Structure formats: structure tokens, C-alpha cells
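These notes concern the structure reproduced below.
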Amino acid sequence: MESRSQEQYAVVAFAPRDQIEDLRKVRAQSGMPPAMDLHVTLRRPFAMPVHDGQKIALDALRRAVQGFPPFGIRTSDAEVIAQESGHAIILPLEESPNLLELRRRVGQELARRVGIPIGDGGQRSRPHATIIGGIRQGDLERSLTVVRGWRLNYSWIVREIDLIVRADGGLWRSVAHFPFGRP
């Protein structure tokens, strides 16, 4: 069990509201429980001290986005991957040098200020958006049918990132937004 002296954080780029609402409909139709809104993970969960860790991470992320230009991302066709909690349906992202550079900068700043290893925290090397996760084998075909029926294809301009924290009960919530280019 995790100590209350530590909290779990992650760094993500959320999609625009209309695409978030669209994905909520897909998830509801699939019968799967609600999940975090449509996003791309830039840094997988990491633990920091409750008292001062958030302040240090906020400073690191402000520096990571300082002077960074907005950039576009686009999803490609749905794929199924195996996870510890079952299967997941993901939308891989088309190649984006800016996304990879932003991930590198976020990792570098967190390593420098928080002492988190510079690696990606075990993050898959290929960025993606998770559509549905934790699917049991018996529910996989139905979920795939729903996702394919919607012909999901998302694209958006990333202009900011969010620091999120895992709240009591395991749900994630945004702590702060970091618009690009601001000191």
C-alpha cells in the first residue's frame, strides 16, 4: 500500500472538449466504466512527496513548455494491446517529432528538479490515446465492434499540458495547466 507521504502524478495533453465528449459516447456504448478523458500521456505516473513535490513539479513543467510551439497530433487506426488489467484498445499517433521532443523535455526537467529518472517511466515508445482499457477477454470483440463502428479519427493542436494527480478512489484530476510559451 502506498504511503500517504507520497502522491501519484502524471503529465498529459488533453484533447479538445468536442473530441472528449465524442469519446465519452463511444465508451458509454461499449459498456465499459468511465475512464480519464481523451488524452496523450507525456509522463507516466510517478510518486512525489505530498508537501513539496507538487510545487517542484509545477516549476519543472513550466520550464519544459517555456518557448515550446503548439503542434498537431493525429491518431491512426485502432489497435488492441495486452495490459496487466486485461486488453486495451488504443489509437496510435502518427509520427510527431514535436511530441517526442516535448516528452523528452518533460522527462529532462522532472529528472533535474525532482530526481525522477530521465527515462519515460516504462512508457511505451509509441505514443497513443487509450480508448478503452481493462477489457476482459469475453468483452473484447463487442468493444472492438463499437470502436470500429464509430470510425474514430482524432486530431488536435496541443497548446498546453496538464499535471494530474491520482485522487482518493483512484480517479485522476488535473492540478495545473501549462500553456506553451509562457515563462
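Identifiers for the C-alpha cells are assigned positionally: chains receive A, B, ... in sequence, residues are indexed from 1 per chain, and ligands are indexed from 1 in the order shown.
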Gly149 (chain A) surroundings by only C-alpha atoms, 12 Å radius, close-in-sequence under 4 positions cut, as a PDB file with N, CA and C atoms, in the first residue's frame:
```pdb
ATOM      1  N   VAL A  26     -18.623   6.896 -27.083  1.00  0.00           N
ATOM      2  CA  VAL A  26     -18.110   5.583 -27.504  1.00  0.00           C
ATOM      3  C   VAL A  26     -17.954   4.678 -26.295  1.00  0.00           C
ATOM      4  N   GLN A  29     -21.301   3.494 -24.914  1.00  0.00           N
ATOM      5  CA  GLN A  29     -21.908   2.476 -25.766  1.00  0.00           C
ATOM      6  C   GLN A  29     -21.215   1.127 -25.616  1.00  0.00           C
ATOM      7  N   SER A  30     -19.924   1.142 -25.287  1.00  0.00           N
ATOM      8  CA  SER A  30     -19.189  -0.114 -25.143  1.00  0.00           C
ATOM      9  C   SER A  30     -19.518  -0.818 -23.840  1.00  0.00           C
ATOM     10  N   ALA A  78      -7.404   2.024 -34.867  1.00  0.00           N
ATOM     11  CA  ALA A  78      -7.441   1.359 -33.562  1.00  0.00           C
ATOM     12  C   ALA A  78      -6.666   0.053 -33.574  1.00  0.00           C
ATOM     13  N   ARG A 142     -16.925  -7.328 -28.556  1.00  0.00           N
ATOM     14  CA  ARG A 142     -18.000  -6.330 -28.514  1.00  0.00           C
ATOM     15  C   ARG A 142     -17.426  -4.915 -28.479  1.00  0.00           C
ATOM     16  N   SER A 143     -16.385  -4.708 -27.651  1.00  0.00           N
ATOM     17  CA  SER A 143     -15.754  -3.387 -27.570  1.00  0.00           C
ATOM     18  C   SER A 143     -15.126  -2.988 -28.898  1.00  0.00           C
ATOM     19  N   LEU A 144     -14.476  -3.927 -29.558  1.00  0.00           N
ATOM     20  CA  LEU A 144     -13.876  -3.641 -30.864  1.00  0.00           C
ATOM     21  C   LEU A 144     -14.933  -3.270 -31.892  1.00  0.00           C
ATOM     22  N   THR A 145     -16.055  -3.956 -31.871  1.00  0.00           N
ATOM     23  CA  THR A 145     -17.141  -3.664 -32.801  1.00  0.00           C
ATOM     24  C   THR A 145     -17.650  -2.239 -32.597  1.00  0.00           C
ATOM     25  N   ASN A 153     -11.227   8.877 -35.423  1.00  0.00           N
ATOM     26  CA  ASN A 153     -10.065   9.504 -36.018  1.00  0.00           C
ATOM     27  C   ASN A 153      -9.984  10.907 -35.413  1.00  0.00           C
TER      28      ASN A 153
END
```
Who sits within 10 Å of Arg63 (chain A), only C-alpha atoms, same chain under 4 positions skipped, as a list in words: Ala57, Leu58, Asp59, Gly67, Phe68, Arg105, Val106, Glu109, Leu110, Phe178, Phe180, Gly181, Arg182 and Pro183 of chain A
Keeping only C-alpha atoms, write those residues as a PDB file, in the first residue's frame.
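The resulting file, again12.pdb, is reproduced below:
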```pdb
ATOM      1  CA  ALA A  57       6.900  19.509 -10.379  1.00  0.00           C
ATOM      2  CA  LEU A  58       4.991  22.689 -11.248  1.00  0.00           C
ATOM      3  CA  ASP A  59       8.264  24.556 -11.683  1.00  0.00           C
ATOM      4  CA  GLY A  67       9.019  28.675 -25.590  1.00  0.00           C
ATOM      5  CA  PHE A  68       7.584  25.404 -26.927  1.00  0.00           C
ATOM      6  CA  ARG A 105      11.839  17.969 -22.242  1.00  0.00           C
ATOM      7  CA  VAL A 106       9.261  16.973 -19.620  1.00  0.00           C
ATOM      8  CA  GLU A 109      13.066  18.774 -16.347  1.00  0.00           C
ATOM      9  CA  LEU A 110      11.468  16.285 -13.937  1.00  0.00           C
ATOM     10  CA  PHE A 178       0.802  24.724 -18.563  1.00  0.00           C
ATOM     11  CA  PHE A 180       3.112  26.761 -24.143  1.00  0.00           C
ATOM     12  CA  GLY A 181       5.372  29.761 -24.475  1.00  0.00           C
ATOM     13  CA  ARG A 182       4.661  31.408 -21.136  1.00  0.00           C
ATOM     14  CA  PRO A 183       7.514  31.940 -18.642  1.00  0.00           C
TER      15      PRO A 183
END
```
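Minimum distance to Trp156 (chain A) across A:Pro45, A:Gly133, A:Gly72, A:Pro33 (counting only C-alpha atoms) occurs at A:Gly72.
Non-sequential neighbours of Arg136 (chain A) (distance at most 12 Å, separation of 6 or more positions within a chain, only C-alpha atoms) are A:Gly31, A:Met32, A:Ala82, A:Gln83, A:Glu84, A:Ser85, A:Gly86, A:His87, A:Ala88, A:Ile89, A:Arg142, A:Ser143, A:Leu144.
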Rounded to one decimal place, report the CA of Glu101 (chain A)-CA of His128 (chain A) distance in Å. 15.3 Å
From region 9-157 of chain A, collect each residue whose DSSP state is helix (DSSP H, G or I) and return the set as a JSON list (two decimals) with N, CA and C atoms, in the first residue's frame.
```
[["chain", "number", "residue", "atom", "x", "y", "z"],
["A", 17, "ARG", "N", -12.55, 19.69, -26.03],
["A", 17, "ARG", "CA", -13.80, 19.26, -25.40],
["A", 17, "ARG", "C", -14.71, 18.46, -26.33],
["A", 18, "ASP", "N", -14.85, 18.86, -27.61],
["A", 18, "ASP", "CA", -15.77, 18.14, -28.50],
["A", 18, "ASP", "C", -15.29, 16.70, -28.74],
["A", 19, "GLN", "N", -14.00, 16.49, -28.82],
["A", 19, "GLN", "CA", -13.48, 15.14, -29.02],
["A", 19, "GLN", "C", -13.59, 14.32, -27.73],
["A", 20, "ILE", "N", -13.42, 14.99, -26.59],
["A", 20, "ILE", "CA", -13.62, 14.32, -25.30],
["A", 20, "ILE", "C", -15.05, 13.82, -25.19],
["A", 21, "GLU", "N", -16.02, 14.66, -25.56],
["A", 21, "GLU", "CA", -17.43, 14.27, -25.50],
["A", 21, "GLU", "C", -17.73, 13.12, -26.46],
["A", 22, "ASP", "N", -17.15, 13.15, -27.63],
["A", 22, "ASP", "CA", -17.32, 12.07, -28.60],
["A", 22, "ASP", "C", -16.84, 10.75, -28.02],
["A", 23, "LEU", "N", -15.66, 10.76, -27.42],
["A", 23, "LEU", "CA", -15.12, 9.52, -26.86],
["A", 23, "LEU", "C", -15.94, 9.03, -25.68],
["A", 24, "ARG", "N", -16.49, 9.94, -24.89],
["A", 24, "ARG", "CA", -17.36, 9.53, -23.78],
["A", 24, "ARG", "C", -18.55, 8.72, -24.31],
["A", 25, "LYS", "N", -19.11, 9.13, -25.45],
["A", 25, "LYS", "CA", -20.23, 8.39, -26.05],
["A", 25, "LYS", "C", -19.80, 6.99, -26.48],
["A", 26, "VAL", "N", -18.62, 6.90, -27.08],
["A", 26, "VAL", "CA", -18.11, 5.58, -27.50],
["A", 26, "VAL", "C", -17.95, 4.68, -26.29],
["A", 27, "ARG", "N", -17.34, 5.20, -25.26],
["A", 27, "ARG", "CA", -17.12, 4.40, -24.05],
["A", 27, "ARG", "C", -18.43, 3.97, -23.42],
["A", 28, "ALA", "N", -19.41, 4.86, -23.37],
["A", 28, "ALA", "CA", -20.71, 4.53, -22.80],
["A", 28, "ALA", "C", -21.38, 3.41, -23.60],
["A", 29, "GLN", "N", -21.30, 3.49, -24.91],
["A", 29, "GLN", "CA", -21.91, 2.48, -25.77],
["A", 29, "GLN", "C", -21.22, 1.13, -25.62],
["A", 30, "SER", "N", -19.92, 1.14, -25.29],
["A", 30, "SER", "CA", -19.19, -0.11, -25.14],
["A", 30, "SER", "C", -19.52, -0.82, -23.84],
["A", 53, "GLY", "N", 6.46, 18.18, -3.21],
["A", 53, "GLY", "CA", 6.65, 17.59, -4.53],
["A", 53, "GLY", "C", 5.88, 18.28, -5.63],
["A", 54, "GLN", "N", 4.65, 18.66, -5.35],
["A", 54, "GLN", "CA", 3.83, 19.30, -6.38],
["A", 54, "GLN", "C", 4.43, 20.64, -6.79],
["A", 55, "LYS", "N", 4.90, 21.43, -5.85],
["A", 55, "LYS", "CA", 5.50, 22.73, -6.17],
["A", 55, "LYS", "C", 6.73, 22.55, -7.06],
["A", 56, "ILE", "N", 7.55, 21.57, -6.77],
["A", 56, "ILE", "CA", 8.74, 21.31, -7.57],
["A", 56, "ILE", "C", 8.35, 20.86, -8.98],
["A", 57, "ALA", "N", 7.35, 19.98, -9.07],
["A", 57, "ALA", "CA", 6.90, 19.51, -10.38],
["A", 57, "ALA", "C", 6.30, 20.65, -11.20],
["A", 58, "LEU", "N", 5.57, 21.54, -10.54],
["A", 58, "LEU", "CA", 4.99, 22.69, -11.25],
["A", 58, "LEU", "C", 6.09, 23.53, -11.88],
["A", 59, "ASP", "N", 7.14, 23.78, -11.15],
["A", 59, "ASP", "CA", 8.26, 24.56, -11.68],
["A", 59, "ASP", "C", 8.92, 23.82, -12.85],
["A", 60, "ALA", "N", 9.11, 22.53, -12.72],
["A", 60, "ALA", "CA", 9.73, 21.73, -13.79],
["A", 60, "ALA", "C", 8.90, 21.79, -15.07],
["A", 61, "LEU", "N", 7.59, 21.68, -14.97],
["A", 61, "LEU", "CA", 6.74, 21.67, -16.15],
["A", 61, "LEU", "C", 6.62, 23.06, -16.78],
["A", 62, "ARG", "N", 6.62, 24.11, -15.97],
["A", 62, "ARG", "CA", 6.66, 25.46, -16.53],
["A", 62, "ARG", "C", 7.89, 25.64, -17.41],
["A", 63, "ARG", "N", 9.02, 25.15, -16.94],
["A", 63, "ARG", "CA", 10.26, 25.27, -17.70],
["A", 63, "ARG", "C", 10.23, 24.39, -18.95],
["A", 64, "ALA", "N", 9.61, 23.22, -18.86],
["A", 64, "ALA", "CA", 9.56, 22.30, -20.00],
["A", 64, "ALA", "C", 8.79, 22.89, -21.18],
["A", 65, "VAL", "N", 7.74, 23.66, -20.91],
["A", 65, "VAL", "CA", 6.91, 24.19, -22.01],
["A", 65, "VAL", "C", 7.31, 25.61, -22.42],
["A", 97, "PRO", "N", 7.55, 14.58, -34.36],
["A", 97, "PRO", "CA", 8.81, 14.97, -33.71],
["A", 97, "PRO", "C", 8.60, 15.95, -32.56],
["A", 98, "ASN", "N", 7.63, 16.85, -32.67],
["A", 98, "ASN", "CA", 7.37, 17.80, -31.58],
["A", 98, "ASN", "C", 6.86, 17.10, -30.33],
["A", 99, "LEU", "N", 6.01, 16.10, -30.50],
["A", 99, "LEU", "CA", 5.52, 15.35, -29.34],
["A", 99, "LEU", "C", 6.68, 14.63, -28.66],
["A", 100, "LEU", "N", 7.53, 14.00, -29.44],
["A", 100, "LEU", "CA", 8.67, 13.30, -28.85],
["A", 100, "LEU", "C", 9.61, 14.27, -28.15],
["A", 101, "GLU", "N", 9.82, 15.45, -28.73],
["A", 101, "GLU", "CA", 10.67, 16.45, -28.09],
["A", 101, "GLU", "C", 10.04, 16.96, -26.80],
["A", 102, "LEU", "N", 8.73, 17.15, -26.79],
["A", 102, "LEU", "CA", 8.07, 17.59, -25.56],
["A", 102, "LEU", "C", 8.19, 16.53, -24.48],
["A", 103, "ARG", "N", 8.00, 15.28, -24.84],
["A", 103, "ARG", "CA", 8.17, 14.19, -23.86],
["A", 103, "ARG", "C", 9.59, 14.19, -23.30],
["A", 104, "ARG", "N", 10.57, 14.42, -24.17],
["A", 104, "ARG", "CA", 11.96, 14.45, -23.73],
["A", 104, "ARG", "C", 12.19, 15.61, -22.75],
["A", 105, "ARG", "N", 11.66, 16.79, -23.10],
["A", 105, "ARG", "CA", 11.84, 17.97, -22.24],
["A", 105, "ARG", "C", 11.17, 17.79, -20.89],
["A", 106, "VAL", "N", 9.96, 17.23, -20.89],
["A", 106, "VAL", "CA", 9.26, 16.97, -19.62],
["A", 106, "VAL", "C", 10.09, 16.02, -18.77],
["A", 107, "GLY", "N", 10.56, 14.93, -19.37],
["A", 107, "GLY", "CA", 11.38, 13.97, -18.63],
["A", 107, "GLY", "C", 12.66, 14.57, -18.10],
["A", 108, "GLN", "N", 13.30, 15.39, -18.91],
["A", 108, "GLN", "CA", 14.56, 16.02, -18.51],
["A", 108, "GLN", "C", 14.36, 16.99, -17.35],
["A", 109, "GLU", "N", 13.32, 17.82, -17.43],
["A", 109, "GLU", "CA", 13.07, 18.77, -16.35],
["A", 109, "GLU", "C", 12.66, 18.07, -15.05],
["A", 110, "LEU", "N", 11.85, 17.02, -15.15],
["A", 110, "LEU", "CA", 11.47, 16.29, -13.94],
["A", 110, "LEU", "C", 12.69, 15.60, -13.33],
["A", 111, "ALA", "N", 13.56, 15.07, -14.17],
["A", 111, "ALA", "CA", 14.78, 14.42, -13.67],
["A", 111, "ALA", "C", 15.66, 15.44, -12.95],
["A", 112, "ARG", "N", 15.79, 16.60, -13.54],
["A", 112, "ARG", "CA", 16.66, 17.63, -12.98],
["A", 112, "ARG", "C", 16.12, 18.19, -11.66],
["A", 113, "ARG", "N", 14.82, 18.42, -11.57],
["A", 113, "ARG", "CA", 14.25, 19.09, -10.40],
["A", 113, "ARG", "C", 13.72, 18.13, -9.34],
["A", 114, "VAL", "N", 13.20, 17.00, -9.78],
["A", 114, "VAL", "CA", 12.53, 16.10, -8.86],
["A", 114, "VAL", "C", 13.37, 14.84, -8.59],
["A", 137, "GLN", "N", -11.27, -10.59, -21.73],
["A", 137, "GLN", "CA", -11.26, -11.33, -22.99],
["A", 137, "GLN", "C", -12.67, -11.50, -23.56],
["A", 138, "GLY", "N", -13.64, -11.81, -22.72],
["A", 138, "GLY", "CA", -15.00, -12.03, -23.19],
["A", 138, "GLY", "C", -15.70, -10.78, -23.72],
["A", 139, "ASP", "N", -15.20, -9.61, -23.35],
["A", 139, "ASP", "CA", -15.81, -8.35, -23.79],
["A", 139, "ASP", "C", -15.05, -7.70, -24.94],
["A", 140, "LEU", "N", -13.94, -8.29, -25.34],
["A", 140, "LEU", "CA", -13.06, -7.65, -26.32],
["A", 140, "LEU", "C", -13.74, -7.47, -27.68],
["A", 141, "GLU", "N", -14.37, -8.51, -28.20],
["A", 141, "GLU", "CA", -14.97, -8.42, -29.53],
["A", 141, "GLU", "C", -16.08, -7.38, -29.59],
["A", 142, "ARG", "N", -16.93, -7.33, -28.56],
["A", 142, "ARG", "CA", -18.00, -6.33, -28.51],
["A", 142, "ARG", "C", -17.43, -4.91, -28.48],
["A", 143, "SER", "N", -16.39, -4.71, -27.65],
["A", 143, "SER", "CA", -15.75, -3.39, -27.57],
["A", 143, "SER", "C", -15.13, -2.99, -28.90],
["A", 144, "LEU", "N", -14.48, -3.93, -29.56],
["A", 144, "LEU", "CA", -13.88, -3.64, -30.86],
["A", 144, "LEU", "C", -14.93, -3.27, -31.89],
["A", 145, "THR", "N", -16.05, -3.96, -31.87],
["A", 145, "THR", "CA", -17.14, -3.66, -32.80],
["A", 145, "THR", "C", -17.65, -2.24, -32.60],
["A", 146, "VAL", "N", -17.83, -1.84, -31.34],
["A", 146, "VAL", "CA", -18.28, -0.48, -31.03],
["A", 146, "VAL", "C", -17.27, 0.54, -31.55],
["A", 147, "VAL", "N", -15.99, 0.34, -31.23],
["A", 147, "VAL", "CA", -14.96, 1.30, -31.63],
["A", 147, "VAL", "C", -14.86, 1.39, -33.14],
["A", 148, "ARG", "N", -14.87, 0.27, -33.81],
["A", 148, "ARG", "CA", -14.77, 0.29, -35.28],
["A", 148, "ARG", "C", -16.01, 0.93, -35.90],
["A", 149, "GLY", "N", -17.16, 0.77, -35.29],
["A", 149, "GLY", "CA", -18.39, 1.37, -35.80],
["A", 149, "GLY", "C", -18.37, 2.90, -35.74],
["A", 150, "TRP", "N", -17.62, 3.44, -34.82],
["A", 150, "TRP", "CA", -17.52, 4.90, -34.70],
["A", 150, "TRP", "C", -16.47, 5.47, -35.65]]
```
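Using only C-alpha atoms, the nearest neighbour of Thr41 (chain A) within the list A:Ser174, A:Thr130, A:Ser96, A:Ser76 is A:Thr130.
The closest residue to Arg151 (chain A), picked from A:Leu91, A:Ile116, A:Ala129, A:Val175 and counting only C-alpha atoms, is A:Leu91.
Within 6 Å of region 46-49 of chain A there are Ser5, Gln6, Glu7, Gln8 and Tyr9 of chain A, counting only C-alpha atoms and ignoring same-chain residues fewer than 6 positions away.
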Output as a PyMOL selection string all residues of region 38-90 of chain A that backbone DSSP marks as strand (DSSP E). chain A and resi 39-49+71-74+79-83+86-90
Please provide the set of residues having any atom within 9 Å of Met36 (chain A), restricted to only C-alpha atoms, with same-chain residues fewer than 6 positions apart removed, written as a list of chain:residue names. A:Leu171, A:Trp172, A:Arg173
Written file, previous selection with C-alpha atoms, as a PDB file, in the first residue's frame:
```
ATOM      1  CA  LEU A 171      -9.530   8.755 -10.119  1.00  0.00           C
ATOM      2  CA  TRP A 172      -7.197  11.248 -11.769  1.00  0.00           C
ATOM      3  CA  ARG A 173      -7.771  15.015 -11.627  1.00  0.00           C
TER       4      ARG A 173
END
```
